[in-house]
$ cat work.csv   # CSV, C-alpha atoms
chain,number,residue,atom,x,y,z
M,226,MET,CA,0.0,0.0,0.0
M,227,LYS,CA,2.9,2.4,0.8
M,228,LYS,CA,4.5,1.9,-2.6
M,229,PHE,CA,1.1,2.5,-4.3
M,230,LEU,CA,0.8,5.8,-2.5
M,231,TYR,CA,4.3,6.8,-3.6
M,232,VAL,CA,3.5,5.9,-7.2
M,233,LEU,CA,0.3,7.9,-6.9
M,234,ALA,CA,2.1,10.9,-5.4
M,235,ILE,CA,4.7,10.7,-8.3
M,236,LEU,CA,2.0,10.6,-10.9
M,237,PHE,CA,0.3,13.6,-9.3
M,238,LEU,CA,3.6,15.5,-9.3
M,239,VAL,CA,4.3,14.7,-12.9
M,240,TYR,CA,0.7,15.9,-13.8
M,241,ALA,CA,1.2,19.1,-11.8
M,242,VAL,CA,4.6,19.8,-13.5
M,243,GLN,CA,3.1,19.1,-16.9
M,244,HIS,CA,0.1,21.4,-16.1
M,245,ALA,CA,2.5,24.2,-14.9
M,246,TRP,CA,4.6,23.6,-18.0
M,247,VAL,CA,1.7,24.1,-20.4
M,248,ASN,CA,0.7,27.4,-18.6
M,249,MET,CA,4.3,28.6,-18.7
M,250,TYR,CA,4.6,27.7,-22.4
M,251,ILE,CA,1.4,29.6,-23.3
M,252,LEU,CA,2.7,32.7,-21.4
M,253,PHE,CA,6.1,32.4,-23.0
M,254,ARG,CA,4.6,32.0,-26.5
M,255,GLU,CA,2.6,35.2,-26.1
M,256,PHE,CA,5.7,37.0,-24.9
M,257,MET,CA,7.8,35.8,-27.8
M,258,SER,CA,5.2,36.3,-30.4
M,259,GLY,CA,6.7,39.6,-31.4
M,260,TYR,CA,10.2,38.2,-32.0
M,261,SER,CA,11.6,36.3,-35.0
M,262,PHE,CA,10.4,32.8,-35.4
M,263,HIS,CA,14.0,31.4,-35.6
M,264,ILE,CA,15.1,33.1,-32.4
M,265,TYR,CA,11.9,31.7,-30.7
M,266,ASN,CA,12.7,28.2,-31.9
M,267,LEU,CA,16.3,28.4,-31.0
M,268,PHE,CA,15.4,29.5,-27.5
M,269,LEU,CA,12.9,26.7,-27.1
M,270,MET,CA,15.3,24.1,-28.5
M,271,VAL,CA,18.5,25.1,-26.8
M,272,ILE,CA,17.3,26.5,-23.4
M,273,VAL,CA,13.8,25.5,-22.5
M,274,ALA,CA,13.6,21.9,-23.9
M,275,PRO,CA,16.8,20.6,-22.4
M,276,ILE,CA,16.0,21.9,-18.9
M,277,TRP,CA,12.5,20.6,-19.1
M,278,GLU,CA,13.2,17.3,-20.6
M,279,GLU,CA,16.3,16.4,-18.5
M,280,THR,CA,14.3,17.3,-15.4
M,281,LEU,CA,11.3,15.3,-16.4
M,282,PHE,CA,12.9,12.3,-18.1
M,283,ARG,CA,16.2,12.0,-16.2
M,284,HIS,CA,16.3,13.8,-12.9
M,285,ILE,CA,12.8,12.9,-11.5
M,286,PRO,CA,12.7,9.2,-12.5
M,287,ILE,CA,16.3,8.4,-11.6
M,288,THR,CA,16.1,10.2,-8.3
M,289,ILE,CA,12.8,8.5,-7.4
M,290,GLY,CA,14.1,5.2,-8.7
M,291,LYS,CA,17.2,5.3,-6.5
M,292,LEU,CA,15.2,6.1,-3.4
M,293,TYR,CA,12.1,4.0,-3.7
M,294,PHE,CA,12.7,1.3,-6.4
M,295,PRO,CA,16.4,0.4,-6.4
M,296,ARG,CA,15.8,-3.1,-7.8
M,297,ALA,CA,14.0,-1.6,-10.9
M,298,PHE,CA,16.7,1.0,-11.6
M,299,GLY,CA,17.6,-0.3,-15.0
M,300,GLU,CA,14.0,-0.6,-16.0
M,301,ILE,CA,13.4,3.0,-15.0
M,302,ILE,CA,16.3,4.2,-17.1
M,303,ILE,CA,15.1,2.2,-20.2
M,304,GLY,CA,11.5,3.2,-19.6
M,305,SER,CA,12.3,6.9,-19.3
M,306,SER,CA,14.4,6.7,-22.5
M,307,ILE,CA,11.6,5.0,-24.4
M,308,ILE,CA,9.1,7.6,-23.3
M,309,PHE,CA,11.6,10.3,-24.2
M,310,GLY,CA,11.8,8.9,-27.7
M,311,TRP,CA,8.1,8.5,-27.9
M,312,ILE,CA,7.3,12.2,-27.2
M,313,HIS,CA,9.6,13.1,-30.1
M,314,GLY,CA,7.4,11.5,-32.7
M,315,ASP,CA,6.7,8.2,-34.4
M,316,VAL,CA,8.1,4.7,-34.0
M,317,THR,CA,11.4,5.6,-35.7
M,318,ASN,CA,12.0,8.3,-33.2
M,319,ILE,CA,11.4,5.9,-30.3
M,320,ILE,CA,14.5,4.0,-31.4
M,321,VAL,CA,16.7,7.0,-32.4
M,322,GLN,CA,15.7,9.5,-29.7
M,323,GLY,CA,15.3,6.6,-27.2
M,324,PHE,CA,19.0,5.8,-27.7
M,325,ILE,CA,19.9,9.5,-27.3
M,326,GLY,CA,17.8,9.5,-24.1
M,327,LEU,CA,19.7,6.4,-22.9
M,328,THR,CA,23.0,8.2,-23.5
M,329,LEU,CA,21.7,11.3,-21.7
M,330,CYS,CA,20.8,9.0,-18.7
M,331,PHE,CA,24.3,7.8,-18.5
M,332,VAL,CA,25.6,11.4,-18.7
M,333,TYR,CA,23.2,12.3,-15.9
M,334,ILE,CA,24.3,9.3,-13.7
M,335,LYS,CA,28.0,9.9,-14.2
M,336,LEU,CA,28.2,13.7,-14.3
M,337,GLY,CA,24.9,15.1,-13.0
M,338,LEU,CA,21.9,17.1,-14.1
M,339,ARG,CA,23.9,20.2,-15.2
M,340,TYR,CA,26.0,18.2,-17.7
M,341,ALA,CA,23.0,16.3,-19.0
M,342,ILE,CA,21.3,19.6,-19.7
M,343,LEU,CA,24.4,20.9,-21.4
M,344,SER,CA,24.8,17.8,-23.5
M,345,HIS,CA,21.1,18.0,-24.5
M,346,ALA,CA,21.4,21.7,-25.4
M,347,ILE,CA,24.5,21.0,-27.6
M,348,TRP,CA,22.6,18.2,-29.3
M,349,ASN,CA,19.6,20.4,-29.9
M,350,PHE,CA,21.8,23.2,-31.2
M,351,THR,CA,23.4,21.0,-33.7
M,352,CYS,CA,20.0,19.8,-34.8
M,353,PHE,CA,18.9,23.4,-35.1
M,354,LEU,CA,21.8,24.3,-37.4
M,355,ASN,CA,20.9,21.4,-39.7
$ encode --input "work.csv" --output "structure tokens"
Amino acid sequence: MKKFLYVLAILFLVYAVQHAWVNMYILFREFMSGYSFHIYNLFLMVIVAPIWEETLFRHIPITIGKLYFPRAFGEIIIGSSIIFGWIHGDVTNIIVQGFIGLTLCFVYIKLGLRYAILSHAIWNFTCFLN
């Protein structure tokens, strides 16, 4: 019963964070509407997305996994990487972006959140340039 309550609390926190994110995105979009579309996309891809995605798909699951589900730590890493790939598009993206998510998990585990965000930002910036 205790683990069920933890999982329920985690799901509620993820929902609350997503809800707050949507509201922040709407406000940010209204603020940036007067600026160039490319600057807007660059800011979203290189600043906002890495911070948001690394927190949601690396920091929260891995931290909770270490504390409450240490036996399922590998499954949590793989699951968060698959979900990371899934939110980026179709089945092909699950494989490609999922592998990138797995790589970012290892960066997070070895070096911490800051370097995972930086790695993600650099990856997104190279994608933006292409």
$ atom_distance --input "work.csv" --atom1 "CA of Leu354 (chain M)" --atom2 "CA of Ile303 (chain M)"
28.8 Å
$ atom_distance --input "work.csv" --atom1 "CA of Ile251 (chain M)" --atom2 "CA of Phe237 (chain M)"
21.3 Å
$ atom_distance --input "work.csv" --atom1 "CA of Gly299 (chain M)" --atom2 "CA of Thr280 (chain M)"
17.9 Å
$ residues_around --input "work.csv" --residues "His284 (chain M)" --least-positions-apart "5" --cutoff "8 Å" --atoms "all atoms listed in the file" --output "list of chain:residue names"
M:Glu279, M:Tyr333, M:Leu338
$ residues_near_point --input "work.csv" --point "(12.7, 21.6, -27.7)" --cutoff "12 Å" --atoms "all atoms listed in the file" --output "list in words"
Tyr250, Tyr265, Asn266, Leu267, Phe268, Leu269, Met270, Val271, Ile272, Val273, Ala274, Pro275, Ile276, Trp277, Glu278, Glu279, Phe309, Ile312, His313, Ile342, His345, Ala346, Ile347, Trp348, Asn349, Phe350, Cys352 and Phe353 of chain M
